[in-house]
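J.: Have a look at this one before I ask anything.
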Amino acid sequence: MELEDIRELVAGKKRALIVGHDFPDPDCLASAWGIQRLFADRFGLVSDITFGGFIGRAGNRAMVELLRIEHVPIHVVDLEHYDVIVMVDTQPDTGNNSYDGSREVDLVIDHHPTSSNARIKASHIHTECGSTTAVVADLLFTSGMEVDAHLATALFLGIKTDTLSLGRDFCSEDWQYYLKLFPMVDQRLLSRIERPDLPPEYFRVLTDALQQAQVCGTAALTHLGAVKSPEAIAEIADVLLQAEGVEWVLCTGEFREEVYFSLRMRNASGSAGELARTIVKGLGRAGGHEEMAGGRAKRETGDVAQLHEELKRRFLAELEISPDSARPLY
């Protein structure tokens, strides 16, 4: 779909619900806020942003608070109040959002591959992009609407975090809008968001993760145990990927009696997204891109220890790495 197609889709509508994935990251938050602003500025459409879970990572909380991105918990949303349902940076039936699927989704704006079983009326999906934010930024600038410093900061963050500052999985749109947005950013706010105050819990989790981490060949693995937010798992996976000689990372953790995991890859052949779907097959769901992916295993398929060990076994088997090669990280 193009901008005019979206305009026609929402013509005559009064209120939209913009659904992000659970535990949203900057890409999801920026994309949802950008669409909310587009709807209001260009289509005269009031909308609410919603998602399940909560925002756990300190930087993401700072982003929401400092930029004043308003949202409502999905469990209090009454779908009868909305005549347009939009999903951003997620899709129906992917397992990473809390939308109940009781109504067909009107529009999906995303950069992830489409689920063949998804109930969607229309979509604006660019799988070649490293961020959904770049897709949204293109719509905003094409519409001619004014992008203020706060919105520019959010959009810049969305592209920067999902592409690691254009260091992974980026396309021409990511590059174009990264450069276009940079001079528009409120640098003071950006610095406060990227360097937030970190709670003591962060350092406890990091210490435990590094102490338990193992290296098998070019792969690093660690299990965090129970975490207060699944975002901690992705955060630790990013840290481990910086270890010398490490090309693959599997980080697992328990949240609300399910095992969540994050995969990372660099300087290696293969796709983190494909590997994630392979190792969780029959246990749960996963998704991702070439260099980053994540998912979760359902509690009913085994206890936490069993699920962690099975994911670890499958991970190493797919990479053809012997578990006997395991050694401490340090």
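Residue names in the structure tokens use chain letters A, B, ... in the order shown, residue numbers from 1 in each chain, and ligand numbers from 1 in the order shown.
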Could you give me, as a tab-separated table, every stretch 126-221 of chain A residue with an atom at most 12 Å from stretch 317-330 of chain A, plus its closest atom pair and distance in Å to one decimal, counting only C-alpha atoms, rows ordered by chain then number?

T.:
residue	atom	partner	partner_atom	distance
A:Ala209	CA	A:Leu329	CA	10.1
A:Leu210	CA	A:Leu329	CA	7.2
A:Gln211	CA	A:Leu329	CA	7.6
A:Gln212	CA	A:Pro328	CA	7.4
A:Ala213	CA	A:Leu329	CA	5.6
A:Gln214	CA	A:Pro328	CA	4.6
A:Val215	CA	A:Arg327	CA	5.4
A:Cys216	CA	A:Ala326	CA	4.5
A:Gly217	CA	A:Ser325	CA	6.6
A:Thr218	CA	A:Ile321	CA	8.5
A:Ala219	CA	A:Ile321	CA	8.3
A:Ala220	CA	A:Leu329	CA	7.8
A:Leu221	CA	A:Leu329	CA	9.1

J.: Could those residues be written to a file, using N, CA and C atoms, as a PDB file, in the first residue's frame?

T.:
ATOM      1  N   ALA A 209      24.569 -13.343  34.480  1.00  0.00           N
ATOM      2  CA  ALA A 209      24.647 -13.809  33.095  1.00  0.00           C
ATOM      3  C   ALA A 209      26.089 -14.064  32.684  1.00  0.00           C
ATOM      4  N   LEU A 210      26.993 -13.165  33.035  1.00  0.00           N
ATOM      5  CA  LEU A 210      28.393 -13.320  32.643  1.00  0.00           C
ATOM      6  C   LEU A 210      29.056 -14.460  33.409  1.00  0.00           C
ATOM      7  N   GLN A 211      28.676 -14.632  34.664  1.00  0.00           N
ATOM      8  CA  GLN A 211      29.261 -15.716  35.461  1.00  0.00           C
ATOM      9  C   GLN A 211      28.840 -17.089  34.942  1.00  0.00           C
ATOM     10  N   GLN A 212      27.615 -17.190  34.433  1.00  0.00           N
ATOM     11  CA  GLN A 212      27.115 -18.476  33.962  1.00  0.00           C
ATOM     12  C   GLN A 212      27.348 -18.704  32.471  1.00  0.00           C
ATOM     13  N   ALA A 213      27.813 -17.698  31.767  1.00  0.00           N
ATOM     14  CA  ALA A 213      27.979 -17.807  30.319  1.00  0.00           C
ATOM     15  C   ALA A 213      29.038 -18.847  29.957  1.00  0.00           C
ATOM     16  N   GLN A 214      28.755 -19.570  28.895  1.00  0.00           N
ATOM     17  CA  GLN A 214      29.691 -20.558  28.347  1.00  0.00           C
ATOM     18  C   GLN A 214      29.961 -20.230  26.891  1.00  0.00           C
ATOM     19  N   VAL A 215      31.134 -20.593  26.434  1.00  0.00           N
ATOM     20  CA  VAL A 215      31.496 -20.447  25.026  1.00  0.00           C
ATOM     21  C   VAL A 215      31.754 -21.830  24.459  1.00  0.00           C
ATOM     22  N   CYS A 216      31.065 -22.125  23.361  1.00  0.00           N
ATOM     23  CA  CYS A 216      31.261 -23.384  22.640  1.00  0.00           C
ATOM     24  C   CYS A 216      31.677 -23.018  21.222  1.00  0.00           C
ATOM     25  N   GLY A 217      32.938 -23.193  20.914  1.00  0.00           N
ATOM     26  CA  GLY A 217      33.394 -22.795  19.595  1.00  0.00           C
ATOM     27  C   GLY A 217      33.210 -21.297  19.403  1.00  0.00           C
ATOM     28  N   THR A 218      32.405 -20.923  18.409  1.00  0.00           N
ATOM     29  CA  THR A 218      32.145 -19.500  18.145  1.00  0.00           C
ATOM     30  C   THR A 218      30.800 -19.053  18.710  1.00  0.00           C
ATOM     31  N   ALA A 219      30.201 -19.872  19.568  1.00  0.00           N
ATOM     32  CA  ALA A 219      28.888 -19.544  20.138  1.00  0.00           C
ATOM     33  C   ALA A 219      28.995 -19.297  21.632  1.00  0.00           C
ATOM     34  N   ALA A 220      28.267 -18.289  22.101  1.00  0.00           N
ATOM     35  CA  ALA A 220      28.170 -18.002  23.531  1.00  0.00           C
ATOM     36  C   ALA A 220      26.742 -18.266  23.982  1.00  0.00           C
ATOM     37  N   LEU A 221      26.597 -18.882  25.157  1.00  0.00           N
ATOM     38  CA  LEU A 221      25.278 -19.217  25.678  1.00  0.00           C
ATOM     39  C   LEU A 221      25.203 -18.839  27.145  1.00  0.00           C
TER      40      LEU A 221
END

J.: List the spatial neighbours of stretch 125-127 of chain A as a compact mmCIF listing (two decimals) with C-alpha atoms, in the first residue's frame - criterion: any atom at most 6 Å away, only C-alpha atoms, same-chain residues fewer than 2 positions off excluded.

T.:
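The resulting around34.txt:
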# COMPACT_ATOMS: atom_id res chain seq x y z
CA ILE A 109 2.79 -1.78 8.93
CA ASP A 110 5.90 -3.85 9.51
CA HIS A 111 9.28 -5.08 8.30
CA HIS A 112 8.93 -8.72 9.37
CA PRO A 113 7.90 -11.53 6.99
CA SER A 123 -0.56 -4.37 4.60
CA CYS A 129 14.17 -2.79 5.78

J.: Identify all residues of stretch 79-317 of chain A in strand (DSSP E) (DSSP on the backbone) and supply them as an MDAnalysis selection string.

T.: chainID A and resid 84:88 105:110 120:125 214:216 219:226 248:255 258:265 284:288 292:297

J.: For A:Ala276, which residue out of A:Val205, A:Val304, A:Leu316, A:Ile85 is the nearest one, using only C-alpha atoms?

T.: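 Selected residue with least distance to A:Ala276: A:Leu316.
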
J.: Would you compute the distance between atom CA of A:Gly95 and atom CA of A:Gln36? Give it in Å to one decimal.

T.: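 Here the two named atoms are 23.6 Å from each other.
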
J.: Taking only C-alpha atoms into account, name the residue in A:Asp100, A:Glu2, A:Glu80, A:Glu310 that is nearest to A:Gly52.

T.: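 Of A:Asp100, A:Glu2, A:Glu80, A:Glu310, the one nearest A:Gly52, counting only C-alpha atoms, is A:Asp100.
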
J.: Closest to A:His150 among A:Arg204, A:Arg68, A:Arg277, A:Lys228, using only C-alpha atoms?

T.: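 Of the candidates, the smallest distance to A:His150 is held by A:Arg68.
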
J.: Using only C-alpha atoms, which of A:Leu206, A:Val136, A:Leu3, A:Ala237 sits nearest A:Ser262?

T.: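 Under the stated criterion, the closest residue is A:Ala237.
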
J.: What are the nearest atom pairs, with distances in Å to one decimal, for all residues of stretch 103-161 of chain A that come at most 9 Å from stretch 171-193 of chain A, using only C-alpha atoms, set out by chain and rising residue number as CSV?

T.:
residue,atom,partner,partner_atom,distance
A:Glu128,CA,A:Cys171,CA,6.3
A:Cys129,CA,A:Cys171,CA,5.0
A:Gly130,CA,A:Cys171,CA,6.2
A:Ser131,CA,A:Asp174,CA,6.9
A:Thr133,CA,A:Asp174,CA,8.1
A:Ala134,CA,A:Asp174,CA,5.1
A:Val135,CA,A:Glu173,CA,7.3
A:Ala137,CA,A:Tyr177,CA,6.9
A:Asp138,CA,A:Glu173,CA,7.5
A:Val147,CA,A:Met184,CA,8.5
A:Asp148,CA,A:Met184,CA,7.6
A:Ala149,CA,A:Val185,CA,5.3
A:His150,CA,A:Asp186,CA,6.7
A:Leu151,CA,A:Val185,CA,8.3
A:Ala152,CA,A:Val185,CA,5.4
A:Thr153,CA,A:Val185,CA,4.6
A:Ala154,CA,A:Val185,CA,8.4
A:Leu155,CA,A:Leu181,CA,7.5
A:Phe156,CA,A:Leu181,CA,5.9
A:Leu157,CA,A:Leu190,CA,7.9
A:Ile159,CA,A:Asp174,CA,6.3
A:Lys160,CA,A:Tyr178,CA,7.3

J.: For A:Gly295, please output as a PyMOL selection string all residues within 8 Å (counting only C-alpha atoms; exclusion window: fewer than 2 positions along the same chain).

T.: chain A and resi 96+260-262+276+280+284-287+293+297

J.: Output C-alpha atoms for every residue in that selection, as a PDB file, in the first residue's frame.

T.:
ATOM      1  CA  ASN A  96       4.651 -11.649  20.315  1.00  0.00           C
ATOM      2  CA  TYR A 260      12.053 -16.591  26.310  1.00  0.00           C
ATOM      3  CA  PHE A 261      15.182 -16.531  24.191  1.00  0.00           C
ATOM      4  CA  SER A 262      17.193 -14.140  22.049  1.00  0.00           C
ATOM      5  CA  ALA A 276      15.278 -19.256  15.912  1.00  0.00           C
ATOM      6  CA  VAL A 280      11.786 -23.656  18.795  1.00  0.00           C
ATOM      7  CA  GLY A 284       6.657 -22.317  20.720  1.00  0.00           C
ATOM      8  CA  ARG A 285       7.136 -19.446  18.300  1.00  0.00           C
ATOM      9  CA  ALA A 286       9.965 -17.252  17.070  1.00  0.00           C
ATOM     10  CA  GLY A 287      10.785 -14.638  14.478  1.00  0.00           C
ATOM     11  CA  ALA A 293      15.853 -12.979  16.467  1.00  0.00           C
ATOM     12  CA  ALA A 297       8.785 -21.787  24.352  1.00  0.00           C
TER      13      ALA A 297
END

J.: Check stretch 152-206 of chain A with DSSP on the backbone and list each residue it calls helix (DSSP H, G or I), as number ranges by chain.

T.: A: 152-162, 172-184, 187-194, 200-206

J.: Would you mind reading off the distance between atom CA of A:Glu291 and atom CA of A:Ala62, one decimal, in Å?

T.: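 Calculated distance between atom CA of A:Glu291 and atom CA of A:Ala62 is 26.0 Å.
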
J.: Rank A:Leu250, A:Ala11, A:Met145, A:Ala40 by their smallest atom-to-atom distance to A:Ile233, using only C-alpha atoms, and report the top residue only.

T.: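 Looking only at the distances to A:Ile233, the closest residue turns out to be A:Leu250.
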
J.: Pick the closest to A:Ser31 from A:Met87, A:Pro196, A:Ser47, A:His81: which is it, counting only C-alpha atoms?

T.: A:Met87

J.: If you count only C-alpha atoms, which residues fall within 9 Å of A:Gly59, apart from same-chain ones fewer than 4 positions away, as a compact mmCIF listing (two decimals) with N, CA and C atoms, in the first residue's frame?

T.:
# COMPACT_ATOMS: atom_id res chain seq x y z
N PRO A 26 12.37 0.59 20.96
CA PRO A 26 12.28 1.90 20.30
C PRO A 26 11.71 1.85 18.89
N MET A 63 12.63 6.85 27.03
CA MET A 63 12.11 7.31 25.73
C MET A 63 10.64 7.69 25.85
N VAL A 64 9.85 6.84 26.46
CA VAL A 64 8.42 7.09 26.61
C VAL A 64 8.16 8.29 27.50
N ARG A 192 20.00 11.62 27.07
CA ARG A 192 19.36 11.15 28.31
C ARG A 192 18.67 9.81 28.10
N ILE A 193 18.13 9.58 26.92
CA ILE A 193 17.46 8.31 26.62
C ILE A 193 18.49 7.18 26.46
N GLU A 194 19.58 7.48 25.79
CA GLU A 194 20.58 6.45 25.52
C GLU A 194 21.48 6.17 26.72
N ARG A 195 21.48 7.08 27.69
CA ARG A 195 22.28 6.87 28.90
C ARG A 195 21.39 7.07 30.14
N PRO A 196 20.41 6.20 30.29
CA PRO A 196 19.46 6.35 31.41
C PRO A 196 20.07 5.87 32.72
N ASP A 197 19.44 6.25 33.80
CA ASP A 197 19.81 5.70 35.10
C ASP A 197 19.46 4.22 35.10
N LEU A 198 20.40 3.39 35.53
CA LEU A 198 20.18 1.94 35.53
C LEU A 198 19.91 1.45 36.94
